[in-house]
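A.B. asks: As input, take upload.cif (mmCIF, C-alpha atoms):
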data_run
#
loop_
_atom_site.label_atom_id
_atom_site.label_comp_id
_atom_site.auth_asym_id
_atom_site.auth_seq_id
_atom_site.Cartn_x
_atom_site.Cartn_y
_atom_site.Cartn_z
CA MET A 28 126.24 10.29 85.60
CA SER A 29 124.95 10.67 89.15
CA THR A 30 124.46 13.95 90.99
CA ILE A 31 123.57 12.08 94.18
CA PRO A 32 126.63 11.59 96.40
CA ARG A 33 127.70 7.97 96.61
CA VAL A 34 129.70 8.63 99.76
CA SER A 35 128.90 10.84 102.73
CA SER A 36 130.68 13.91 104.03
CA ALA A 37 133.27 13.18 106.73
CA ILE A 38 132.93 16.71 108.11
CA PRO A 39 129.90 17.14 110.41
CA GLY A 40 127.47 19.77 109.16
CA GLU A 41 128.97 20.01 105.67
CA PRO A 42 127.39 18.54 102.57
CA ALA A 43 129.27 15.97 100.52
CA HIS A 44 131.75 17.73 98.26
CA PHE A 45 135.26 16.87 97.18
CA GLY A 46 136.96 18.27 100.29
CA SER A 47 134.48 16.86 102.80
CA VAL A 48 134.52 13.43 101.19
CA LEU A 49 138.30 13.34 100.91
CA ALA A 50 138.31 14.03 104.66
CA HIS A 51 137.50 10.33 105.10
CA GLN A 52 141.20 9.94 104.27
CA PRO A 53 142.95 12.80 106.12
CA GLU A 54 146.46 11.73 105.10
CA ILE A 55 145.51 11.67 101.43
CA ALA A 56 143.72 15.01 101.78
CA ARG A 57 146.71 16.70 103.45
CA SER A 58 149.11 15.38 100.85
CA PHE A 59 146.85 16.30 97.95
CA PHE A 60 146.29 19.88 99.06
CA ALA A 61 150.03 20.33 99.67
CA LEU A 62 150.75 19.03 96.17
CA TYR A 63 148.01 21.06 94.52
CA GLY A 64 149.11 24.23 96.30
CA ARG A 65 152.72 23.69 95.25
CA PHE A 66 151.63 23.02 91.66
CA TRP A 67 149.51 26.17 91.39
CA GLY A 68 152.03 28.21 93.36
CA SER A 69 154.83 27.42 90.95
CA ASP A 70 155.40 30.01 88.26
CA VAL A 71 157.36 27.70 85.96
CA LEU A 72 154.20 27.49 83.88
CA ALA A 73 151.78 30.44 83.93
CA ALA A 74 148.49 29.92 85.77
CA ARG A 75 146.64 30.96 82.63
CA ILE A 76 148.17 28.03 80.71
CA LYS A 77 147.35 25.61 83.54
CA GLU A 78 143.78 26.88 83.61
CA VAL A 79 143.41 26.47 79.84
CA ALA A 80 144.36 22.79 80.24
CA ARG A 81 142.06 22.40 83.26
CA MET A 82 139.13 23.88 81.35
CA ARG A 83 139.70 21.52 78.44
CA ASN A 84 139.81 18.54 80.79
CA ALA A 85 136.59 19.71 82.44
CA ARG A 86 134.80 19.74 79.10
CA VAL A 87 136.12 16.41 77.82
CA THR A 88 135.54 14.51 81.08
CA GLU A 89 132.13 16.20 81.53
CA CYS A 90 133.01 17.49 84.99
CA GLY A 91 130.43 20.20 85.66
CA PHE A 92 132.03 21.26 88.92
CA CYS A 93 135.45 21.70 87.28
CA ARG A 94 133.84 23.50 84.35
CA ASN A 95 132.22 26.14 86.53
CA VAL A 96 135.19 26.92 88.76
CA ARG A 97 137.73 29.60 87.81
CA PHE A 98 140.96 30.22 89.69
CA ASP A 99 141.58 33.91 90.31
CA LYS A 100 145.27 33.85 89.34
CA ALA A 101 144.41 32.78 85.80
CA VAL A 102 141.64 35.35 85.57
CA ALA A 103 144.15 38.03 86.61
CA GLU A 104 146.43 36.79 83.82
CA GLY A 105 143.74 37.58 81.27
CA LEU A 106 141.79 34.34 80.96
CA GLY A 107 138.39 35.89 80.37
CA GLU A 108 135.20 34.06 79.48
CA GLU A 109 135.53 34.92 75.81
CA VAL A 110 138.78 32.93 75.76
CA VAL A 111 137.32 30.07 77.82
CA ASP A 112 134.43 29.87 75.36
CA ASP A 113 136.94 28.99 72.64
CA ILE A 114 138.31 25.99 74.59
CA THR A 115 135.96 23.70 72.76
CA ASP A 116 136.16 21.45 69.71
CA GLY A 117 137.59 23.55 66.88
CA TYR A 118 139.89 25.52 69.21
CA GLU A 119 142.56 25.28 66.51
CA THR A 120 140.84 28.11 64.60
CA SER A 121 140.40 30.45 67.57
CA ASP A 122 141.94 33.89 67.25
CA ARG A 123 141.71 34.47 71.01
CA LEU A 124 143.85 31.51 72.06
CA THR A 125 147.60 31.88 71.57
CA ASP A 126 149.69 29.38 69.61
CA THR A 127 151.17 28.21 72.92
CA GLU A 128 147.69 27.58 74.30
CA LYS A 129 146.69 25.65 71.18
CA ALA A 130 149.78 23.45 71.53
CA VAL A 131 148.89 22.89 75.19
CA LEU A 132 145.32 21.98 74.27
CA LYS A 133 146.51 19.42 71.72
CA PHE A 134 148.75 17.83 74.36
CA THR A 135 145.86 17.87 76.84
CA ASP A 136 143.55 16.15 74.36
CA ALA A 137 146.23 13.54 73.66
CA LEU A 138 146.71 12.76 77.33
CA ILE A 139 143.07 12.68 78.38
CA HIS A 140 141.53 11.30 75.21
CA ASP A 141 143.75 9.83 72.49
CA PRO A 142 147.57 9.65 72.45
CA GLU A 143 147.50 9.43 68.65
CA LEU A 144 146.57 13.14 68.58
CA LEU A 145 150.11 13.98 69.60
CA THR A 146 151.50 13.76 66.10
CA GLY A 147 155.05 14.72 65.20
CA ASP A 148 153.91 18.25 64.39
CA ALA A 149 151.94 18.55 67.62
CA LYS A 150 154.91 17.32 69.61
CA ALA A 151 157.24 19.75 67.85
CA ALA A 152 154.83 22.64 68.52
CA LEU A 153 154.64 21.78 72.20
CA GLN A 154 158.41 21.60 72.53
CA HIS A 155 158.79 24.84 70.56
CA HIS A 156 156.49 26.77 72.88
CA LEU A 157 157.32 25.17 76.23
CA THR A 158 160.56 24.25 77.98
CA PRO A 159 161.03 20.70 79.29
CA ALA A 160 160.36 21.94 82.84
CA GLN A 161 157.11 23.55 81.71
CA ILE A 162 156.04 20.36 79.93
CA ALA A 163 156.74 18.36 83.09
CA GLU A 164 154.56 20.73 85.11
CA LEU A 165 151.84 20.66 82.47
CA GLY A 166 151.92 16.84 82.44
CA LEU A 167 151.53 16.75 86.21
CA GLY A 168 148.65 19.19 86.02
CA VAL A 169 146.72 17.34 83.34
CA THR A 170 147.27 14.05 85.19
CA LEU A 171 145.81 15.54 88.36
CA PHE A 172 142.95 17.33 86.59
CA LEU A 173 141.93 14.13 84.86
CA ALA A 174 142.22 11.88 87.90
CA LEU A 175 140.38 14.27 90.19
CA ALA A 176 137.58 14.93 87.73
CA LYS A 177 137.01 11.20 87.30
CA ALA A 178 137.18 10.54 91.05
CA LEU A 179 134.73 13.38 91.66
CA ILE A 180 132.30 12.17 89.00
CA THR A 181 132.39 8.52 90.01
CA MET A 182 131.81 9.40 93.67
CA GLY A 183 128.62 11.18 92.62
CA LEU A 184 129.86 14.64 93.57
CA GLU A 185 128.71 16.47 90.48
CA PRO A 186 126.43 19.40 91.38
CA GLU A 187 122.89 19.40 89.99
CA ALA A 188 123.35 23.09 89.18
CA MET A 189 126.21 25.47 89.78
CA ASP A 190 126.94 29.08 88.89
CA ARG A 191 130.32 30.11 87.58
CA THR A 192 132.48 30.60 90.68
CA VAL A 193 135.86 32.33 90.95
CA LEU A 194 137.92 30.74 93.73
CA PRO A 195 141.24 31.71 95.27
CA THR A 196 144.01 29.79 93.51
CA PRO A 197 145.26 26.88 95.67
CA ALA A 198 148.29 28.04 97.62
CA VAL A 199 151.41 26.49 99.08
CA LEU A 200 150.58 25.04 102.51
CA GLU A 201 154.05 24.65 104.04
CA ALA A 202 153.43 27.34 106.66
CA ALA A 203 150.39 25.50 107.97
CA ALA A 204 152.05 22.08 108.05
CA MET B 9 158.61 4.68 88.52
CA SER B 10 155.48 6.32 87.10
CA ALA B 11 155.71 8.49 83.99
CA VAL B 12 154.76 11.56 86.01
CA CYS B 13 157.45 10.96 88.65
CA ALA B 14 160.00 10.44 85.88
CA ALA B 15 158.97 13.64 84.12
CA LEU B 16 159.39 15.64 87.33
CA ALA B 17 162.98 14.51 87.87
CA ALA B 18 164.31 18.05 87.42
CA ASP B 19 161.94 19.48 90.06
CA PRO B 20 162.68 17.55 93.27
CA VAL B 21 160.19 19.51 95.40
CA LEU B 22 157.21 18.92 93.12
CA ALA B 23 158.38 15.34 92.50
CA SER B 24 158.52 14.72 96.22
CA HIS B 25 155.00 16.11 96.74
CA TYR B 26 153.64 13.97 93.93
CA ALA B 27 155.38 10.84 95.21
CA ASP B 28 153.99 11.51 98.69
CA PHE B 29 150.44 11.90 97.36
CA ARG B 30 150.75 8.73 95.35
CA SER B 31 152.12 6.76 98.28
CA LYS B 32 149.44 8.07 100.66
CA THR B 33 146.67 6.95 98.29
CA GLU B 34 148.22 3.51 97.96
CA ALA B 35 148.85 3.13 101.69
CA ALA B 36 145.12 3.45 102.36
CA LEU B 37 144.37 0.16 100.60
CA ASP B 38 145.64 -3.42 100.64
CA PRO B 39 148.87 -3.40 98.56
CA ALA B 40 147.73 -6.51 96.68
CA LEU B 41 144.51 -4.74 95.64
CA VAL B 42 146.44 -1.65 94.53
CA ALA B 43 148.71 -3.79 92.35
CA LEU B 44 145.74 -5.60 90.81
CA VAL B 45 143.91 -2.33 90.12
CA ARG B 46 146.97 -0.83 88.45
CA GLN B 47 147.36 -3.95 86.32
CA ALA B 48 143.66 -4.05 85.39
CA VAL B 49 143.68 -0.39 84.33
CA ALA B 50 146.93 -0.82 82.39
CA ALA B 51 145.37 -3.83 80.64
CA VAL B 52 142.44 -1.71 79.44
CA HIS B 53 145.02 0.62 77.90
CA GLY B 54 146.76 -2.36 76.27
CA MET B 55 149.91 -1.81 78.31
CA GLU B 56 149.90 -5.02 80.38
CA PRO B 57 148.15 -8.39 80.34
CA ALA B 58 144.95 -8.55 82.39
CA PRO B 59 145.36 -9.95 85.91
CA ASP B 60 144.49 -13.58 86.54
CA GLU B 61 141.27 -13.43 88.55
CA SER B 62 140.68 -17.16 88.93
CA ALA B 63 141.75 -17.29 92.59
CA LEU B 64 140.34 -13.93 93.65
CA ASP B 65 137.41 -13.47 96.01
CA GLU B 66 134.17 -11.90 94.82
CA GLY B 67 134.84 -8.54 96.45
CA THR B 68 138.18 -8.16 94.71
CA ARG B 69 136.63 -9.11 91.39
CA LEU B 70 133.99 -6.47 91.96
CA CYS B 71 136.75 -3.91 92.52
CA LEU B 72 138.53 -4.90 89.33
CA ALA B 73 135.35 -4.75 87.27
CA TYR B 74 134.80 -1.24 88.58
CA ALA B 75 138.41 -0.23 87.92
CA ARG B 76 138.17 -1.40 84.32
CA ARG B 77 135.34 1.11 83.76
CA MET B 78 137.45 4.10 84.79
CA PRO B 79 139.49 4.64 81.59
CA PHE B 80 136.64 4.95 79.07
CA GLU B 81 133.33 4.56 80.91
CA HIS B 82 133.60 6.66 84.04
CA THR B 83 130.34 8.52 83.38
CA ALA B 84 128.46 5.23 82.93
CA ILE B 85 129.26 3.76 86.34
CA THR B 86 125.95 3.24 88.12
CA ASP B 87 124.82 3.96 91.67
CA ALA B 88 124.48 0.19 92.18
CA GLU B 89 128.07 -0.47 91.12
CA ALA B 90 129.32 2.25 93.46
CA ALA B 91 127.14 0.95 96.32
CA GLY B 92 128.64 -2.50 95.85
CA LEU B 93 132.11 -1.10 96.31
CA VAL B 94 131.14 1.00 99.32
CA ALA B 95 129.69 -2.13 100.92
CA HIS B 96 132.91 -4.04 100.26
CA LEU B 97 135.49 -1.35 101.08
CA GLY B 98 133.65 0.99 103.45
CA GLU B 99 133.39 4.72 102.73
CA PRO B 100 137.04 5.61 103.49
CA GLY B 101 138.19 2.66 101.40
CA TYR B 102 135.92 3.65 98.53
CA VAL B 103 137.32 7.19 98.56
CA ALA B 104 140.90 5.89 98.44
CA PHE B 105 139.99 3.36 95.78
CA SER B 106 138.41 6.06 93.60
CA VAL B 107 141.54 8.19 93.76
CA VAL B 108 143.94 5.27 93.21
CA THR B 109 141.98 4.01 90.22
CA ALA B 110 141.58 7.40 88.57
CA LEU B 111 145.25 8.18 89.14
CA ALA B 112 146.26 4.81 87.68
CA ASP B 113 144.30 5.65 84.52
CA ALA B 114 145.83 9.12 84.24
CA GLU B 115 149.35 7.76 84.77
CA CYS B 116 148.87 5.21 81.99
CA ARG B 117 147.80 8.03 79.69
CA ALA B 118 150.82 10.14 80.69
CA ALA B 119 153.05 7.20 79.77
CA GLN B 120 151.25 6.73 76.45
CA VAL B 121 151.99 10.30 75.34
CA GLY B 122 155.64 9.83 76.34
CA LEU B 123 155.57 12.49 79.04
CA PRO B 124 159.07 11.75 80.41
CA GLU B 125 160.64 12.05 76.97
CA LEU B 126 158.73 15.26 76.21
CA ALA B 127 159.98 16.68 79.49
CA GLY B 128 163.55 15.73 78.67
CA ALA B 129 163.81 13.21 81.50
#
Can you give me the file's structure in the form of structure tokens?
C.D. replies:
Amino acid sequence: MSTIPRVSSAIPGEPAHFGSVLAHQPEIARSFFALYGRFWGSDVLAARIKEVARMRNARVTECGFCRNVRFDKAVAEGLGEEVVDDITDGYETSDRLTDTEKAVLKFTDALIHDPELLTGDAKAALQHHLTPAQIAELGLGVTLFLALAKALITMGLEPEAMDRTVLPTPAVLEAAA
Amino acid sequence: MSAVCAALAADPVLASHYADFRSKTEAALDPALVALVRQAVAAVHGMEPAPDESALDEGTRLCLAYARRMPFEHTAITDAEAAGLVAHLGEPGYVAFSVVTALADAECRAAQVGLPELAGA
């Protein structure tokens, strides 16, 4: 895995990072940030649940950038580091993660790693804990987390080193459009 | 329709945003290349036959070889492979290609877990 950018920044004076590289395609960038803001701004599924899935994806795809970013809305909903530490292999036995979060993690693993993990029991647990609308939102989120992590990694945008960083949660952009 | 679009049928606003993002990524590349990439990625997942590459130019074959790495070997893609694509597509094209290919992989996976059915669509 490369930590040397394979594409340059399109924003003068800024280093190559996801936003500055995506700026090579302004239409894609605008559409993505509008989508991502709408996704995180929706309260159909709690930000804490979305962040649990994002953290799992970060670990499985080996995205160091994703792994070190926290969104403040999820932190405010109680997703502390002691919980994040349990989002690793063996999460099924955690007493800090809720049953809902464990069902979400199983779904996340199935989507990003192996669909066979979504057994009948796992499917039933997911549908017991989440409504269809919440599952749809979760599915969108995991799809985006996975795709963006892989795009970021393959473009060589992984940081050599990065401290844990709490960022403002992406917001709806309609007012700026 | 992709599995994600289908799953979002009950949320027209989010569905519309997702469809727009998807279409903007595709519009940045040659439609024929996008179709081939989607087919090549789906083939890796065993969901479609692999595309016939016999009449394709070398640059397009290079793109498909790269796309086939995305589902299970994304961390093993080398600087040289990436440089080959940048030389063929240019930097803006490489950025769009990276997003299209990664999204194609994720959409295949969403279909494989039966996302629309889970979401009651």
A.B. asks: For chain A, report every residue with an atom at most 8 Å from chain B (counting only C-alpha atoms), formatted as JSON, numbers by chain.
C.D. replies: {"A": [28, 29, 33, 34, 35, 48, 49, 51, 52, 54, 55, 58, 59, 61, 62, 65, 66, 137, 138, 139, 142, 145, 150, 154, 158, 159, 160, 161, 162, 163, 164, 166, 167, 170, 171, 173, 174, 175, 177, 178, 180, 181, 182]}
A.B. asks: Using Å and a single decimal, report how far atom CA of Gly91 of chain A sits from atom CA of Ala176 of chain A.
C.D. replies: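 Atom CA of Gly91 of chain A lies 9.1 Å from atom CA of Ala176 of chain A.
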A.B. asks: Kindly resolve the PyMOL selection byres ((chain A and resi 108) around 12) on the present coordinates and return the residues as a PyMOL selection string.
C.D. replies: chain A and resi 78-79+82+94-97+101-102+105-107+109-114+123-124+191+193
A.B. asks: Return the single residue from B:Ala50, B:Ala58, B:Leu70, B:Met9 that is closest to Gly92 of chain B, with distances computed using only C-alpha atoms.
C.D. replies: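 Answer, going by the shortest atom-to-atom distance: B:Leu70.
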A.B. asks: Return as a list in words the set of residues that the PyMOL selection byres ((chain A and resi 74) around 10) yields on the displayed structure.
C.D. replies: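 Residues picked by the PyMOL selection byres ((chain A and resi 74) around 10): Phe66, Trp67, Gly68, Ser69, Asp70, Val71, Leu72, Ala73, Arg75, Ile76, Lys77, Glu78, Val79, Ala80, Phe98, Asp99, Lys100, Ala101, Val102, Ala103, Glu104, Leu106 and Thr196 of chain A.
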A.B. asks: As an exercise, work out the distance from atom CA of Pro186 of chain A to atom CA of Pro32 of chain A in Å and give it to one decimal place.
C.D. replies: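 A separation of 9.3 Å between them.
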A.B. asks: Provide the atom CA of Glu185 of chain A to atom CA of Phe92 of chain A distance in Å, to one decimal place.
C.D. replies: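 That distance, rounded to one decimal, is 6.0 Å.
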A.B. asks: Between A:Leu184, A:Leu194, A:Leu153, A:Leu132, single out the one closest to His44 of chain A, counting all atoms listed in the file.
C.D. replies: A:Leu184
A.B. asks: Name every residue that the PyMOL selection byres ((chain B and resi 41) around 12) selects in this structure, writing the answer as an MDAnalysis selection string with chains first and numbers rising.
C.D. replies: chainID B and resid 34:40 42:48 59 61 64:65 67:72 75 97 101 104:105 108:109
A.B. asks: Using only C-alpha atoms, which of the listed residues (A:Thr125, A:Ala151, A:Arg57, A:Leu165) sits closest to Arg81 of chain A?
C.D. replies: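 For Arg81 of chain A, the nearest of the candidates is A:Leu165.
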